[in-house]
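Structure file target.txt; described as compact mmCIF, N, CA and C atoms.
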# COMPACT_ATOMS: atom_id res chain seq x y z
N MET V 1143 91.38 -49.45 -29.47
CA MET V 1143 89.98 -49.84 -29.49
C MET V 1143 89.09 -48.65 -29.77
N ALA V 1144 89.57 -47.68 -30.48
CA ALA V 1144 88.78 -46.49 -30.79
C ALA V 1144 87.53 -46.83 -31.58
N ARG V 1145 87.54 -47.95 -32.28
CA ARG V 1145 86.36 -48.33 -33.07
C ARG V 1145 85.30 -49.00 -32.22
N TYR V 1146 85.59 -49.19 -30.93
CA TYR V 1146 84.68 -49.89 -30.05
C TYR V 1146 84.44 -49.07 -28.79
N GLY V 1147 83.30 -49.30 -28.18
CA GLY V 1147 82.98 -48.61 -26.95
C GLY V 1147 82.29 -49.55 -25.98
N THR V 1148 82.00 -49.05 -24.81
CA THR V 1148 81.31 -49.86 -23.81
C THR V 1148 80.14 -49.08 -23.22
N GLU V 1149 79.22 -49.84 -22.67
CA GLU V 1149 78.08 -49.28 -21.96
C GLU V 1149 77.98 -50.00 -20.63
N GLN V 1150 77.98 -49.25 -19.54
CA GLN V 1150 77.89 -49.83 -18.21
C GLN V 1150 76.45 -49.76 -17.70
N ARG V 1151 76.05 -50.82 -17.04
CA ARG V 1151 74.74 -50.86 -16.39
C ARG V 1151 74.91 -51.41 -14.98
N GLY V 1152 74.15 -50.90 -14.07
CA GLY V 1152 74.23 -51.36 -12.69
C GLY V 1152 75.35 -50.66 -11.93
N ARG V 1153 75.46 -50.98 -10.69
CA ARG V 1153 76.47 -50.37 -9.82
C ARG V 1153 77.75 -51.19 -9.86
N PRO V 1154 78.90 -50.55 -10.15
CA PRO V 1154 80.17 -51.28 -10.16
C PRO V 1154 80.40 -52.05 -8.86
N ASN V 1155 81.04 -53.20 -8.98
CA ASN V 1155 81.36 -54.08 -7.85
C ASN V 1155 80.13 -54.64 -7.15
N SER V 1156 79.04 -54.74 -7.88
CA SER V 1156 77.83 -55.35 -7.33
C SER V 1156 77.39 -56.47 -8.28
N PRO V 1157 76.56 -57.40 -7.80
CA PRO V 1157 76.12 -58.51 -8.66
C PRO V 1157 75.31 -58.07 -9.88
N ASP V 1158 74.72 -56.88 -9.84
CA ASP V 1158 73.91 -56.44 -10.97
C ASP V 1158 74.71 -55.65 -12.01
N TYR V 1159 76.01 -55.46 -11.79
CA TYR V 1159 76.83 -54.69 -12.73
C TYR V 1159 77.04 -55.48 -14.02
N ARG V 1160 76.90 -54.78 -15.15
CA ARG V 1160 77.12 -55.38 -16.47
C ARG V 1160 77.88 -54.39 -17.34
N LEU V 1161 78.73 -54.90 -18.21
CA LEU V 1161 79.47 -54.09 -19.16
C LEU V 1161 79.19 -54.65 -20.54
N TYR V 1162 78.64 -53.82 -21.42
CA TYR V 1162 78.30 -54.23 -22.77
C TYR V 1162 79.24 -53.55 -23.75
N PHE V 1163 79.64 -54.26 -24.78
CA PHE V 1163 80.52 -53.72 -25.81
C PHE V 1163 79.69 -53.33 -27.02
N LYS V 1164 80.12 -52.23 -27.68
CA LYS V 1164 79.45 -51.75 -28.88
C LYS V 1164 80.48 -51.45 -29.95
N ASN V 1165 80.04 -51.59 -31.21
CA ASN V 1165 80.93 -51.20 -32.31
C ASN V 1165 80.74 -49.71 -32.61
N ALA V 1166 81.43 -49.23 -33.63
CA ALA V 1166 81.38 -47.81 -33.98
C ALA V 1166 79.97 -47.34 -34.33
N ASP V 1167 79.10 -48.27 -34.77
CA ASP V 1167 77.72 -47.93 -35.11
C ASP V 1167 76.79 -47.98 -33.90
N GLY V 1168 77.33 -48.32 -32.73
CA GLY V 1168 76.51 -48.40 -31.54
C GLY V 1168 75.81 -49.72 -31.36
N LYS V 1169 76.10 -50.71 -32.21
CA LYS V 1169 75.47 -52.02 -32.14
C LYS V 1169 76.19 -52.87 -31.08
N TYR V 1170 75.42 -53.59 -30.26
CA TYR V 1170 75.99 -54.48 -29.25
C TYR V 1170 76.75 -55.61 -29.94
N ILE V 1171 77.92 -55.92 -29.41
CA ILE V 1171 78.77 -56.96 -30.01
C ILE V 1171 79.35 -57.84 -28.91
N SER V 1172 79.89 -58.96 -29.30
CA SER V 1172 80.64 -59.82 -28.40
C SER V 1172 82.10 -59.42 -28.46
N PRO V 1173 82.71 -59.07 -27.32
CA PRO V 1173 84.12 -58.68 -27.37
C PRO V 1173 85.02 -59.84 -27.79
N PHE V 1174 84.60 -61.06 -27.58
CA PHE V 1174 85.42 -62.22 -27.92
C PHE V 1174 85.22 -62.71 -29.34
N HIS V 1175 84.08 -62.40 -29.95
CA HIS V 1175 83.81 -62.90 -31.29
C HIS V 1175 83.77 -61.82 -32.36
N ASP V 1176 83.49 -60.59 -31.99
CA ASP V 1176 83.31 -59.53 -32.99
C ASP V 1176 84.47 -58.55 -33.08
N ILE V 1177 85.40 -58.59 -32.15
CA ILE V 1177 86.58 -57.73 -32.23
C ILE V 1177 87.72 -58.59 -32.75
N PRO V 1178 88.30 -58.22 -33.87
CA PRO V 1178 89.34 -59.06 -34.47
C PRO V 1178 90.59 -59.14 -33.60
N LEU V 1179 91.32 -60.24 -33.74
CA LEU V 1179 92.57 -60.42 -33.00
C LEU V 1179 93.58 -59.35 -33.37
N PHE V 1180 93.74 -59.11 -34.67
CA PHE V 1180 94.72 -58.13 -35.12
C PHE V 1180 94.10 -56.75 -35.25
N ALA V 1181 94.76 -55.76 -34.65
CA ALA V 1181 94.26 -54.39 -34.67
C ALA V 1181 94.64 -53.68 -35.97
N THR V 1182 95.67 -54.18 -36.64
CA THR V 1182 96.12 -53.57 -37.89
C THR V 1182 96.28 -54.66 -38.94
N SER V 1183 96.35 -54.27 -40.19
CA SER V 1183 96.51 -55.24 -41.27
C SER V 1183 97.92 -55.81 -41.30
N LYS V 1184 98.86 -55.18 -40.60
CA LYS V 1184 100.24 -55.66 -40.58
C LYS V 1184 100.45 -56.80 -39.60
N GLU V 1185 99.45 -57.15 -38.82
CA GLU V 1185 99.49 -58.25 -37.87
C GLU V 1185 100.62 -58.13 -36.85
N VAL V 1186 100.86 -56.91 -36.39
CA VAL V 1186 101.88 -56.71 -35.36
C VAL V 1186 101.28 -56.11 -34.09
N LEU V 1187 100.05 -55.63 -34.18
CA LEU V 1187 99.38 -55.05 -33.03
C LEU V 1187 98.08 -55.82 -32.81
N TYR V 1188 97.88 -56.25 -31.57
CA TYR V 1188 96.73 -57.09 -31.24
C TYR V 1188 95.70 -56.32 -30.43
N ASN V 1189 94.44 -56.67 -30.63
CA ASN V 1189 93.38 -56.23 -29.73
C ASN V 1189 93.36 -57.21 -28.56
N MET V 1190 93.11 -56.71 -27.38
CA MET V 1190 93.02 -57.58 -26.20
C MET V 1190 91.87 -57.11 -25.34
N ILE V 1191 91.06 -58.03 -24.92
CA ILE V 1191 89.98 -57.74 -24.00
C ILE V 1191 90.45 -58.20 -22.63
N VAL V 1192 90.52 -57.28 -21.69
CA VAL V 1192 90.98 -57.62 -20.35
C VAL V 1192 89.82 -58.21 -19.58
N GLU V 1193 89.95 -59.48 -19.28
CA GLU V 1193 88.89 -60.17 -18.56
C GLU V 1193 89.05 -59.99 -17.07
N VAL V 1194 90.28 -59.98 -16.59
CA VAL V 1194 90.55 -59.86 -15.17
C VAL V 1194 91.47 -58.66 -14.95
N PRO V 1195 90.94 -57.52 -14.52
CA PRO V 1195 91.83 -56.39 -14.23
C PRO V 1195 92.83 -56.80 -13.14
N ARG V 1196 94.08 -56.43 -13.33
CA ARG V 1196 95.16 -56.86 -12.44
C ARG V 1196 94.81 -56.63 -10.97
N TRP V 1197 95.06 -57.65 -10.17
CA TRP V 1197 94.88 -57.68 -8.72
C TRP V 1197 93.41 -57.54 -8.30
N THR V 1198 92.50 -57.95 -9.16
CA THR V 1198 91.08 -57.93 -8.78
C THR V 1198 90.49 -59.31 -9.01
N ASN V 1199 89.29 -59.52 -8.54
CA ASN V 1199 88.55 -60.75 -8.81
C ASN V 1199 87.45 -60.53 -9.83
N ALA V 1200 87.35 -59.30 -10.35
CA ALA V 1200 86.33 -59.01 -11.36
C ALA V 1200 86.68 -59.79 -12.62
N LYS V 1201 85.67 -60.36 -13.27
CA LYS V 1201 85.95 -61.19 -14.44
C LYS V 1201 84.86 -61.06 -15.49
N MET V 1202 85.27 -61.18 -16.75
CA MET V 1202 84.34 -61.46 -17.83
C MET V 1202 84.52 -62.95 -18.10
N GLU V 1203 83.46 -63.64 -18.33
CA GLU V 1203 83.55 -65.08 -18.46
C GLU V 1203 83.56 -65.53 -19.92
N THR V 1204 84.49 -66.43 -20.24
CA THR V 1204 84.58 -67.09 -21.55
C THR V 1204 84.76 -68.56 -21.31
N TRP V 1205 83.81 -69.33 -21.64
CA TRP V 1205 83.75 -70.74 -21.28
C TRP V 1205 84.75 -71.59 -22.06
N GLU V 1206 85.37 -72.57 -21.36
CA GLU V 1206 86.28 -73.53 -21.98
C GLU V 1206 85.54 -74.86 -22.14
N ASP V 1207 85.41 -75.32 -23.36
CA ASP V 1207 84.67 -76.53 -23.68
C ASP V 1207 85.42 -77.78 -23.21
N PRO V 1208 84.85 -78.57 -22.30
CA PRO V 1208 85.52 -79.78 -21.83
C PRO V 1208 85.60 -80.87 -22.89
N ASN V 1209 84.86 -80.72 -23.99
CA ASN V 1209 84.88 -81.71 -25.06
C ASN V 1209 85.87 -81.35 -26.17
N HIS V 1210 86.52 -80.19 -26.04
CA HIS V 1210 87.50 -79.76 -27.04
C HIS V 1210 88.91 -79.99 -26.52
N LYS V 1211 89.71 -80.79 -27.25
CA LYS V 1211 91.09 -81.05 -26.87
C LYS V 1211 92.01 -80.11 -27.64
N ASP V 1212 92.81 -79.33 -26.91
CA ASP V 1212 93.73 -78.39 -27.53
C ASP V 1212 94.85 -79.13 -28.23
N ASN V 1213 95.16 -78.72 -29.47
CA ASN V 1213 96.20 -79.39 -30.25
C ASN V 1213 97.59 -79.18 -29.68
N ILE V 1214 97.82 -78.10 -28.98
CA ILE V 1214 99.15 -77.78 -28.45
C ILE V 1214 99.38 -78.42 -27.09
N THR V 1215 98.43 -78.21 -26.15
CA THR V 1215 98.64 -78.70 -24.78
C THR V 1215 98.16 -80.13 -24.59
N GLY V 1216 97.26 -80.59 -25.48
CA GLY V 1216 96.70 -81.92 -25.30
C GLY V 1216 95.64 -81.96 -24.21
N CYS V 1217 95.29 -80.80 -23.67
CA CYS V 1217 94.32 -80.72 -22.58
C CYS V 1217 92.94 -80.34 -23.11
N CYS V 1218 91.94 -80.82 -22.40
CA CYS V 1218 90.57 -80.40 -22.70
C CYS V 1218 90.22 -79.20 -21.82
N GLY V 1219 89.20 -78.46 -22.25
CA GLY V 1219 88.71 -77.36 -21.43
C GLY V 1219 88.24 -77.90 -20.09
N ASP V 1220 88.22 -77.05 -19.08
CA ASP V 1220 87.84 -77.50 -17.73
C ASP V 1220 86.42 -77.11 -17.36
N ASN V 1221 85.61 -76.77 -18.38
CA ASN V 1221 84.22 -76.39 -18.14
C ASN V 1221 84.15 -75.14 -17.27
N ASP V 1222 85.19 -74.33 -17.34
CA ASP V 1222 85.31 -73.11 -16.56
C ASP V 1222 85.82 -72.03 -17.51
N PRO V 1223 85.61 -70.79 -17.18
CA PRO V 1223 86.05 -69.73 -18.08
C PRO V 1223 87.56 -69.64 -18.27
N ILE V 1224 87.96 -69.12 -19.43
CA ILE V 1224 89.35 -68.78 -19.71
C ILE V 1224 89.64 -67.47 -19.00
N ASP V 1225 90.82 -67.34 -18.43
CA ASP V 1225 91.19 -66.12 -17.72
C ASP V 1225 92.22 -65.34 -18.54
N VAL V 1226 91.91 -64.09 -18.81
CA VAL V 1226 92.84 -63.19 -19.49
C VAL V 1226 93.15 -62.07 -18.53
N CYS V 1227 94.41 -61.83 -18.27
CA CYS V 1227 94.81 -60.84 -17.28
C CYS V 1227 95.76 -59.83 -17.89
N GLU V 1228 95.49 -58.56 -17.70
CA GLU V 1228 96.38 -57.49 -18.16
C GLU V 1228 97.50 -57.37 -17.15
N ILE V 1229 98.75 -57.41 -17.62
CA ILE V 1229 99.89 -57.32 -16.70
C ILE V 1229 100.56 -55.98 -16.76
N GLY V 1230 100.08 -55.08 -17.57
CA GLY V 1230 100.63 -53.73 -17.61
C GLY V 1230 101.42 -53.49 -18.87
N SER V 1231 101.18 -52.35 -19.49
CA SER V 1231 101.89 -52.01 -20.71
C SER V 1231 102.58 -50.67 -20.62
N LYS V 1232 102.41 -49.98 -19.52
CA LYS V 1232 103.03 -48.67 -19.36
C LYS V 1232 104.29 -48.82 -18.52
N LEU V 1233 105.40 -48.48 -19.11
CA LEU V 1233 106.67 -48.57 -18.39
C LEU V 1233 107.21 -47.17 -18.25
N SER V 1234 107.10 -46.61 -17.07
CA SER V 1234 107.58 -45.25 -16.87
C SER V 1234 109.07 -45.26 -16.60
N SER V 1235 109.75 -44.21 -17.01
CA SER V 1235 111.18 -44.00 -16.84
C SER V 1235 112.03 -45.13 -17.42
N VAL V 1236 111.55 -45.74 -18.49
CA VAL V 1236 112.30 -46.77 -19.20
C VAL V 1236 112.44 -46.32 -20.64
N ASP V 1237 113.62 -46.46 -21.20
CA ASP V 1237 113.85 -46.10 -22.60
C ASP V 1237 113.02 -47.02 -23.48
N ILE V 1238 111.94 -46.50 -24.04
CA ILE V 1238 111.01 -47.30 -24.83
C ILE V 1238 111.67 -47.91 -26.06
N SER V 1239 112.74 -47.31 -26.58
CA SER V 1239 113.40 -47.87 -27.75
C SER V 1239 114.09 -49.19 -27.43
N ALA V 1240 114.31 -49.48 -26.16
CA ALA V 1240 114.97 -50.73 -25.77
C ALA V 1240 113.99 -51.87 -25.57
N ILE V 1241 112.72 -51.59 -25.74
CA ILE V 1241 111.70 -52.60 -25.49
C ILE V 1241 111.26 -53.24 -26.80
N ASN V 1242 111.33 -54.57 -26.86
CA ASN V 1242 110.95 -55.31 -28.05
C ASN V 1242 109.53 -55.84 -27.98
N HIS V 1243 108.84 -55.56 -26.89
CA HIS V 1243 107.45 -56.00 -26.72
C HIS V 1243 107.33 -57.51 -26.75
N ASP V 1244 108.09 -58.17 -25.91
CA ASP V 1244 108.03 -59.61 -25.80
C ASP V 1244 108.12 -59.98 -24.32
N ILE V 1245 107.96 -61.24 -24.03
CA ILE V 1245 107.92 -61.70 -22.65
C ILE V 1245 109.21 -61.37 -21.90
N ASP V 1246 110.34 -61.38 -22.59
CA ASP V 1246 111.60 -61.05 -21.92
C ASP V 1246 111.64 -59.59 -21.47
N ASP V 1247 110.92 -58.71 -22.17
CA ASP V 1247 110.84 -57.31 -21.74
C ASP V 1247 110.16 -57.20 -20.38
N VAL V 1248 109.12 -58.00 -20.18
CA VAL V 1248 108.43 -57.97 -18.89
C VAL V 1248 109.38 -58.47 -17.81
N LYS V 1249 110.10 -59.55 -18.10
CA LYS V 1249 111.05 -60.10 -17.12
C LYS V 1249 112.13 -59.07 -16.78
N LYS V 1250 112.60 -58.35 -17.77
CA LYS V 1250 113.68 -57.39 -17.57
C LYS V 1250 113.21 -56.13 -16.85
N HIS V 1251 112.10 -55.57 -17.29
CA HIS V 1251 111.66 -54.28 -16.78
C HIS V 1251 110.68 -54.36 -15.61
N LYS V 1252 110.10 -55.52 -15.41
CA LYS V 1252 109.16 -55.73 -14.30
C LYS V 1252 109.51 -57.05 -13.59
N PRO V 1253 110.68 -57.14 -12.99
CA PRO V 1253 111.09 -58.39 -12.35
C PRO V 1253 110.06 -58.87 -11.32
N GLY V 1254 109.75 -60.15 -11.40
CA GLY V 1254 108.82 -60.75 -10.45
C GLY V 1254 107.36 -60.59 -10.83
N TYR V 1255 107.06 -59.77 -11.81
CA TYR V 1255 105.68 -59.49 -12.20
C TYR V 1255 104.97 -60.73 -12.73
N LEU V 1256 105.63 -61.45 -13.62
CA LEU V 1256 105.01 -62.64 -14.20
C LEU V 1256 104.78 -63.71 -13.14
N GLU V 1257 105.77 -63.91 -12.30
CA GLU V 1257 105.65 -64.91 -11.25
C GLU V 1257 104.52 -64.56 -10.28
N ALA V 1258 104.40 -63.27 -9.95
CA ALA V 1258 103.33 -62.84 -9.07
C ALA V 1258 101.96 -63.07 -9.71
N THR V 1259 101.88 -62.88 -11.01
CA THR V 1259 100.63 -63.10 -11.72
C THR V 1259 100.25 -64.58 -11.70
N VAL V 1260 101.22 -65.46 -11.94
CA VAL V 1260 100.96 -66.90 -11.89
C VAL V 1260 100.53 -67.31 -10.48
N ASP V 1261 101.22 -66.79 -9.48
CA ASP V 1261 100.84 -67.10 -8.10
C ASP V 1261 99.41 -66.68 -7.81
N TRP V 1262 99.05 -65.48 -8.28
CA TRP V 1262 97.69 -64.99 -8.05
C TRP V 1262 96.67 -65.92 -8.70
N PHE V 1263 96.90 -66.27 -9.98
CA PHE V 1263 95.96 -67.16 -10.67
C PHE V 1263 95.95 -68.56 -10.06
N ARG V 1264 97.07 -69.01 -9.54
CA ARG V 1264 97.15 -70.32 -8.92
C ARG V 1264 96.31 -70.37 -7.63
N LEU V 1265 96.30 -69.26 -6.89
CA LEU V 1265 95.72 -69.28 -5.55
C LEU V 1265 94.39 -68.55 -5.37
N TYR V 1266 93.94 -67.77 -6.34
CA TYR V 1266 92.82 -66.87 -6.06
C TYR V 1266 91.51 -67.57 -5.74
N LYS V 1267 91.34 -68.83 -6.09
CA LYS V 1267 90.10 -69.54 -5.77
C LYS V 1267 90.17 -70.28 -4.43
N VAL V 1268 91.36 -70.39 -3.87
CA VAL V 1268 91.55 -71.14 -2.62
C VAL V 1268 90.69 -70.60 -1.47
N PRO V 1269 90.56 -69.27 -1.29
CA PRO V 1269 89.70 -68.79 -0.20
C PRO V 1269 88.24 -69.23 -0.31
N ASP V 1270 87.81 -69.64 -1.51
CA ASP V 1270 86.45 -70.14 -1.71
C ASP V 1270 86.39 -71.66 -1.58
N ASP V 1271 87.43 -72.24 -0.93
CA ASP V 1271 87.53 -73.69 -0.72
C ASP V 1271 87.63 -74.48 -2.02
N LYS V 1272 88.21 -73.87 -3.03
CA LYS V 1272 88.48 -74.56 -4.29
C LYS V 1272 89.96 -74.90 -4.35
N PRO V 1273 90.34 -75.90 -5.16
CA PRO V 1273 91.75 -76.27 -5.23
C PRO V 1273 92.56 -75.23 -5.99
N GLU V 1274 93.87 -75.31 -5.83
CA GLU V 1274 94.77 -74.43 -6.59
C GLU V 1274 94.63 -74.74 -8.08
N ASN V 1275 94.81 -73.73 -8.91
CA ASN V 1275 94.79 -73.91 -10.36
C ASN V 1275 96.12 -74.49 -10.82
N HIS V 1276 96.08 -75.21 -11.94
CA HIS V 1276 97.27 -75.75 -12.59
C HIS V 1276 97.34 -75.16 -13.99
N PHE V 1277 98.52 -75.14 -14.58
CA PHE V 1277 98.72 -74.44 -15.84
C PHE V 1277 99.33 -75.35 -16.91
N ALA V 1278 98.96 -75.06 -18.16
CA ALA V 1278 99.60 -75.73 -19.30
C ALA V 1278 101.07 -75.35 -19.32
N PHE V 1279 101.87 -76.17 -19.90
CA PHE V 1279 103.32 -75.93 -20.03
C PHE V 1279 103.98 -75.74 -18.66
N ASN V 1280 103.38 -76.34 -17.61
CA ASN V 1280 103.90 -76.21 -16.24
C ASN V 1280 104.06 -74.75 -15.83
N GLY V 1281 103.22 -73.88 -16.36
CA GLY V 1281 103.28 -72.47 -16.00
C GLY V 1281 104.42 -71.72 -16.66
N GLU V 1282 105.10 -72.35 -17.60
CA GLU V 1282 106.22 -71.70 -18.29
C GLU V 1282 105.69 -70.65 -19.26
N PHE V 1283 106.32 -69.48 -19.26
CA PHE V 1283 105.91 -68.41 -20.15
C PHE V 1283 106.46 -68.65 -21.54
N LYS V 1284 105.67 -68.32 -22.54
CA LYS V 1284 106.06 -68.49 -23.93
C LYS V 1284 106.31 -67.13 -24.57
N ASP V 1285 107.32 -67.04 -25.43
CA ASP V 1285 107.60 -65.78 -26.09
C ASP V 1285 106.71 -65.61 -27.32
N LYS V 1286 106.79 -64.45 -27.93
CA LYS V 1286 105.94 -64.10 -29.06
C LYS V 1286 106.07 -65.09 -30.22
N VAL V 1287 107.29 -65.52 -30.50
CA VAL V 1287 107.52 -66.45 -31.61
C VAL V 1287 106.81 -67.77 -31.36
N LYS V 1288 106.93 -68.31 -30.15
CA LYS V 1288 106.27 -69.58 -29.82
C LYS V 1288 104.76 -69.46 -29.90
N ILE V 1289 104.23 -68.35 -29.39
CA ILE V 1289 102.79 -68.15 -29.41
C ILE V 1289 102.28 -68.05 -30.85
N MET V 1290 103.00 -67.32 -31.70
CA MET V 1290 102.54 -67.14 -33.08
C MET V 1290 102.65 -68.44 -33.88
N GLN V 1291 103.52 -69.36 -33.49
CA GLN V 1291 103.62 -70.65 -34.17
C GLN V 1291 102.40 -71.51 -33.89
N ASN V 1292 101.78 -71.25 -32.76
CA ASN V 1292 100.63 -72.06 -32.35
C ASN V 1292 99.38 -71.38 -32.78
How would this structure read if it were set down as structure tokens?
Amino acid sequence: MARYGTEQRGRPNSPDYRLYFKNADGKYISPFHDIPLFATSKEVLYNMIVEVPRWTNAKMETWEDPNHKDNITGCCGDNDPIDVCEIGSKLSSVDISAINHDIDDVKKHKPGYLEATVDWFRLYKVPDDKPENHFAFNGEFKDKVKIMQN
């Protein structure tokens, strides 16, 4: 994301905190609409905006339209934001040449990590007297090939 930057306003972890994204020219942009999905022309490296830093409740909000039915899941948006969570990309003391950068790598090198993430997303609203979250595909993880087909 070297072509992009951020500007912070307000005190972190307070209701007045805001994070604004800027392009290389310093112009304010939407991280969800103005930063392309692919970071390179080879379409092998993706840009990702972390909406929910791991193990926190901090969020950037992206609304899910309840009138839009997804072609893959058959579900409509829930009139609530989409959650994007960073699960970690730094693997220390692991031979990086053995990593194919797919969901099975996370299962192999970070056992229990994916399940813990699903549990967190399933339960994090419960303390606010909200119901548990439910997931498309029954919470089953999809590999890179399946995701790219959709």
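Across V:Pro1195, V:Pro1269, V:Lys1284, V:Glu1206, the tightest approach to Cys1218 (chain V) is made by V:Glu1206 when counting only N, CA and C atoms.
Atom N of Val1260 (chain V) is found 28.7 Å from atom C of Ile1171 (chain V).
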Using only C-alpha atoms, which protein or nucleic acid residues come within 6 Å of Tyr1188 (chain V)? Drop anything in the same chain fewer than 2 positions from it, and give the result as a CSV table (one decimal) with N, CA and C atoms, in the frame of the given file.
chain,number,residue,atom,x,y,z
V,1179,LEU,N,91.3,-60.2,-33.7
V,1179,LEU,CA,92.6,-60.4,-33.0
V,1179,LEU,C,93.6,-59.4,-33.4
V,1180,PHE,N,93.7,-59.1,-34.7
V,1180,PHE,CA,94.7,-58.1,-35.1
V,1180,PHE,C,94.1,-56.8,-35.2
V,1181,ALA,N,94.8,-55.8,-34.6
V,1181,ALA,CA,94.3,-54.4,-34.7
V,1181,ALA,C,94.6,-53.7,-36.0
**For Arg1264 (chain V), the nearest of the candidates V:Asn1280, V:His1251, V:Pro1178, V:Lys1211, counting only C-alpha atoms** = V:Asn1280
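Here atom N of Lys1169 (chain V) is placed at a distance of 8.9 Å from CA of Gly1147 (chain V).
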**Item:** CA of Tyr1255 (chain V) to CA of Asn1213 (chain V), straight-line distance in Å
**Value:** 28.5 Å
